[in-house]
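Shown here: final.txt, compact mmCIF, C-alpha atoms.
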```txt
# COMPACT_ATOMS: atom_id res chain seq x y z
CA MET A 65 -61.39 -17.89 -26.83
CA ASN A 66 -63.60 -19.54 -24.32
CA GLY A 67 -61.27 -19.40 -21.33
CA PRO A 68 -62.13 -17.65 -18.07
CA ARG A 69 -62.75 -13.96 -18.40
CA ARG A 70 -60.62 -11.72 -16.29
CA ASP A 71 -62.61 -9.41 -14.05
CA PRO A 72 -60.70 -6.11 -13.83
CA ASP A 73 -62.27 -5.46 -10.42
CA HIS A 74 -60.99 -8.73 -8.98
CA ASP A 75 -57.41 -9.32 -7.86
CA PRO A 76 -56.52 -12.98 -8.52
CA GLY A 77 -53.50 -12.70 -6.22
CA THR A 78 -55.59 -12.10 -3.12
CA GLY A 79 -59.04 -13.24 -4.09
CA LEU A 80 -60.33 -9.84 -2.99
CA ASP A 81 -61.50 -6.86 -4.89
CA PRO A 82 -58.86 -4.08 -4.91
CA GLU A 83 -60.75 -1.91 -2.43
CA ALA A 84 -60.76 -4.68 0.18
CA ARG A 85 -56.95 -5.08 0.22
CA ASP A 86 -54.95 -3.91 3.19
CA GLU A 87 -53.10 -0.98 1.66
CA PRO A 88 -51.46 1.65 3.78
CA ARG A 89 -53.65 4.69 4.15
CA PRO A 90 -52.16 8.10 3.57
CA ALA A 91 -51.27 9.95 6.75
CA PRO A 92 -53.97 12.31 7.97
CA ARG A 93 -53.43 15.89 6.81
CA THR A 94 -52.83 18.10 9.83
CA LEU A 95 -52.75 21.89 10.04
CA VAL A 96 -51.03 23.51 13.02
CA ALA A 97 -52.07 27.17 13.16
CA GLY A 98 -50.60 29.72 15.53
CA VAL A 99 -53.05 32.44 16.49
CA GLY A 100 -52.50 35.71 18.33
CA ASN A 101 -51.25 39.27 18.36
CA ILE A 102 -47.52 39.63 19.02
CA PHE A 103 -48.06 43.24 20.14
CA LEU A 104 -50.31 42.26 23.06
CA GLY A 105 -47.95 40.43 25.40
CA ASP A 106 -49.05 36.86 26.04
CA ASP A 107 -51.47 36.92 23.12
CA GLY A 108 -48.37 36.19 21.03
CA PHE A 109 -48.08 32.69 22.58
CA GLY A 110 -49.50 30.86 19.54
CA VAL A 111 -47.32 32.74 17.07
CA GLU A 112 -44.14 32.11 19.09
CA THR A 113 -44.98 28.43 19.50
CA VAL A 114 -45.53 27.83 15.76
CA ARG A 115 -42.40 29.84 14.96
CA ARG A 116 -40.43 27.28 16.97
CA LEU A 117 -42.39 24.37 15.49
CA ALA A 118 -41.61 25.56 11.96
CA ALA A 119 -37.90 25.17 12.74
CA ARG A 120 -38.39 21.47 13.60
CA ARG A 121 -38.56 18.45 11.35
CA LEU A 122 -42.22 17.43 11.35
CA PRO A 123 -43.96 14.66 9.38
CA PRO A 124 -44.70 15.58 5.74
CA HIS A 125 -48.47 15.48 6.35
CA VAL A 126 -48.19 18.44 8.75
CA GLU A 127 -48.35 22.10 7.71
CA VAL A 128 -47.45 24.83 10.20
CA ALA A 129 -48.99 28.27 9.63
CA ASP A 130 -48.73 31.57 11.48
CA VAL A 131 -52.18 33.10 11.05
CA GLY A 132 -51.63 35.73 13.73
CA ILE A 133 -54.71 37.96 13.93
CA ARG A 134 -55.93 37.14 10.43
CA GLY A 135 -59.16 35.32 11.30
CA VAL A 136 -60.38 35.35 7.70
CA HIS A 137 -57.10 33.66 6.67
CA LEU A 138 -57.72 31.02 9.34
CA ALA A 139 -61.28 30.52 8.08
CA TYR A 140 -60.09 29.88 4.52
CA LYS A 141 -57.26 27.59 5.70
CA LEU A 142 -59.81 25.48 7.59
CA LEU A 143 -61.80 24.88 4.38
CA ASP A 144 -58.90 23.04 2.71
CA GLY A 145 -59.90 19.50 3.71
CA TRP A 146 -57.65 18.96 6.73
CA ASP A 147 -58.27 15.86 8.81
CA THR A 148 -57.10 17.62 11.96
CA CYS A 149 -56.38 21.19 12.89
CA VAL A 150 -54.34 22.09 15.96
CA LEU A 151 -54.85 25.72 16.95
CA VAL A 152 -52.22 27.19 19.27
CA ASP A 153 -53.42 30.27 21.14
CA ALA A 154 -53.53 32.15 24.42
CA THR A 155 -56.62 30.78 26.17
CA ALA A 156 -57.99 32.39 29.33
CA ARG A 157 -59.76 29.68 31.32
CA GLY A 158 -59.03 30.86 34.86
CA GLY A 159 -55.94 28.80 35.67
CA PRO A 160 -52.55 30.04 36.81
CA PRO A 161 -50.59 31.92 34.10
CA GLY A 162 -48.57 29.54 31.95
CA THR A 163 -51.00 26.63 32.41
CA LEU A 164 -51.35 24.63 29.19
CA TYR A 165 -54.71 23.27 28.08
CA LEU A 166 -55.52 20.65 25.46
CA ILE A 167 -59.09 21.21 24.29
CA ASP A 168 -60.97 19.12 21.74
CA ALA A 169 -63.09 21.85 20.12
CA THR A 170 -65.07 19.21 18.22
CA ALA A 171 -66.18 17.44 21.40
CA PRO A 172 -69.91 17.96 22.09
CA ASP A 173 -69.30 19.80 25.37
CA GLU A 174 -66.77 22.16 23.73
CA ARG A 175 -68.78 22.79 20.54
CA LEU A 176 -69.25 26.51 19.93
CA THR A 177 -72.52 28.08 18.90
CA ALA A 178 -72.78 30.64 16.13
CA PRO A 179 -71.98 34.16 17.34
CA PRO A 180 -74.25 37.13 16.70
CA ALA A 181 -74.31 38.61 13.20
CA ALA A 182 -71.76 41.26 14.23
CA ALA A 183 -69.15 38.49 14.32
CA LEU A 184 -69.41 38.24 10.54
CA ASP A 185 -67.37 41.43 10.41
CA GLY A 186 -63.94 40.45 9.06
CA HIS A 187 -62.29 42.52 11.80
CA ARG A 188 -63.95 40.43 14.50
CA MET A 189 -63.16 36.97 13.16
CA THR A 190 -61.57 35.62 16.33
CA PRO A 191 -60.74 31.90 16.43
CA ASP A 192 -63.90 31.13 18.43
CA ALA A 193 -66.02 33.04 15.89
CA VAL A 194 -64.33 31.18 13.01
CA LEU A 195 -64.93 27.79 14.66
CA ALA A 196 -68.56 28.63 15.44
CA LEU A 197 -69.15 29.64 11.82
CA LEU A 198 -67.15 26.79 10.27
CA ASP A 199 -70.11 24.65 9.17
CA THR A 200 -71.77 27.70 7.60
CA LEU A 201 -68.55 28.70 5.86
CA CYS A 202 -68.09 25.18 4.50
CA ALA A 203 -71.66 25.03 3.20
CA GLY A 204 -71.28 28.39 1.47
CA ALA A 205 -67.82 27.76 0.01
CA GLY A 206 -68.14 24.03 -0.67
CA GLY A 207 -65.22 23.27 1.65
CA THR A 208 -64.76 20.40 4.06
CA PRO A 209 -64.20 21.18 7.74
CA PRO A 210 -61.52 19.32 9.70
CA ARG A 211 -62.88 16.20 11.38
CA ARG A 212 -61.12 17.18 14.57
CA ILE A 213 -60.02 20.54 15.93
CA LEU A 214 -57.72 20.62 18.93
CA VAL A 215 -56.63 23.73 20.79
CA VAL A 216 -53.33 23.86 22.62
CA GLY A 217 -53.96 26.88 24.78
CA CYS A 218 -51.93 28.71 27.39
CA GLU A 219 -53.32 30.77 30.25
CA PRO A 220 -52.06 34.33 29.75
CA ALA A 221 -50.68 36.54 32.52
CA CYS A 222 -50.81 39.84 30.64
CA LEU A 223 -52.51 40.95 27.43
CA ASP A 224 -51.38 44.58 27.63
CA GLU A 225 -49.59 46.29 24.78
CA GLY A 226 -45.99 45.18 24.61
CA GLY A 227 -44.09 42.76 22.47
CA GLU A 228 -42.84 40.24 25.02
CA LEU A 229 -44.37 37.18 26.58
CA SER A 230 -44.58 37.09 30.37
CA ALA A 231 -42.06 34.84 32.12
CA GLU A 232 -44.77 32.24 32.88
CA VAL A 233 -46.01 32.03 29.30
CA ALA A 234 -42.50 32.11 27.80
CA ALA A 235 -41.62 29.16 30.06
CA ALA A 236 -44.66 27.24 28.73
CA VAL A 237 -43.68 27.57 25.04
CA PRO A 238 -41.17 24.64 24.99
CA GLU A 239 -43.75 22.36 26.61
CA ALA A 240 -46.37 23.48 24.07
CA VAL A 241 -43.92 22.67 21.26
CA ARG A 242 -43.44 19.20 22.78
CA VAL A 243 -47.21 18.64 23.11
CA VAL A 244 -47.93 19.68 19.52
CA THR A 245 -45.00 17.63 18.20
CA GLU A 246 -46.33 14.59 20.03
CA LEU A 247 -49.88 15.20 18.76
CA VAL A 248 -48.89 15.49 15.10
CA GLY A 249 -46.60 12.47 15.34
CA GLN A 250 -49.41 10.18 16.44
CA GLU A 251 -51.14 8.12 13.76
CA ALA A 252 -54.40 8.52 15.68
CA VAL A 253 -54.52 12.31 15.55
CA VAL A 254 -57.84 12.07 13.68
```
Please express the file's structure as C-alpha cells.
Amino acid sequence: MNGPRRDPDHDPGTGLDPEARDEPRPAPRTLVAGVGNIFLGDDGFGVETVRRLAARRLPPHVEVADVGIRGVHLAYKLLDGWDTCVLVDATARGGPPGTLYLIDATAPDERLTAPPAAALDGHRMTPDAVLALLDTLCAGAGGTPPRRILVVGCEPACLDEGGELSAEVAAAVPEAVRVVTELVGQEAVV
C-alpha cells in the first residue's frame, strides 16, 4: 500500500497533535487542613472549622483533614502533590479577637525561613516550622510541595487550657467555613 501513512501523534479531526487540543484539565487537588489543640481554648479554631467543613458537600478534588497538633502528619500530607493547601489555624497577628486573616504563605513577603535545628524535633513541628522546612522535606523525601499555600487564620482571644472557643472566635467559625468553601470552589485556587 502506497497511501498516506497515518501519524499516530497527529489527530486528523483537528489538524493538531493530541497535546495541543483543548481538553478539560483535571481540577486542582486541594488539601484543607485544620491545625490546633482543642484543649487550649481558641487554638482549637482550625479543628472546629474543618469539622464543620467535613460535614459539607465539597468538590471531589478537595480533601479535608484534621491534623490537630500532629505537625509531622501535616508535613507528610504536604508531600502528596497537592496543587493548593489551605491551612486553617489560630493566628495571632495583633488584631481584635475573632478577626479572620487570609494569608498567602507562598507569597514572597510571607515566605518563612528555616527555623533553628531544634525545630527538627518532632514535638516542635508547628505549622510555621513545617512550612519553613517544606522544600527540605520534599528534597529528602522526593515529594512535591503544594504550588500555593493559603492560611485562613483567626485572631485568638485566649489560649489557656480549656476546651471551648471564646465567644469571638466561635462567632468567626461560620465565616471561616464560608471563606474556605468559596476558596476551594474557585477554579483559580492554584
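Nearest residue to Gly249 (chain A) among A:Cys222, A:Ala231, A:Ala154, A:Leu122 is A:Leu122, counting only C-alpha atoms.
Using all atoms listed in the file, the shortest contact distance between Leu223 (chain A) and any of A:Asn101, A:Val96, A:Glu112, A:Leu247 is found at A:Asn101.
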| Got a sec to check which residues sit within 8 Å of (-50.4, 18.4, 18.5), counting only C-alpha atoms, and write them as a ChimeraX atom specification? | /A:96,150,214,216,243-249,253
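When CA of Ala235 (chain A) is paired with CA of Gly162 (chain A), their separation reads 7.2 Å.
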| note | Among A:Ile133, A:Ala234, A:Val215, A:Leu117, Thr148 (chain A) is approached most closely, using all atoms listed in the file, by A:Val215
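With CA of Phe103 (chain A) on one side and CA of Pro160 (chain A) on the other, the separation reads 21.7 Å.
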| request: For Ala118 (chain A), work out the shell of residues within 12 Å, counting all atoms listed in the file and skipping chain neighbours fewer than 4 positions away, then give it as a list in words. | output: Leu95, Val96, Ala97, Gly98, Val111, Glu112, Thr113, Val114, Leu122, Pro123, Val126, Glu127, Val128, Ala129, Asp130, Val241, Val244 and Thr245 of chain A
| field | Gap from CA of Ile213 (chain A) to CA of Val136 (chain A) - Å, one decimal | value | 16.9 Å
| 9 Å contact set for Val233 (chain A), all atoms listed in the file, chain neighbours under 6 positions out, as number ranges by chain | A: 106, 109, 154, 161-163, 218-221
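Using all atoms listed in the file, the nearest neighbour of Pro92 (chain A) within the list A:Arg212, A:Gly158, A:Leu138, A:Ala119 is A:Arg212.
Among the candidates A:Val152, A:Ala169, A:Val99, A:Leu164, the residue lying nearest to Glu232 (chain A) is A:Leu164 (atoms considered: all atoms listed in the file).
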| Test item: residues at most 6 Å from region 140-146 of chain A, only C-alpha atoms, excluding those fewer than 2 positions along its chain, as a ChimeraX atom specification | /A:93-94,137-138,148,207-210
| query | Which residue out of A:Pro124, A:Gly105, A:Gly135, A:Gly110 has the minimum interatomic distance to Gly227 (chain A) when only C-alpha atoms are used? | reply | A:Gly105
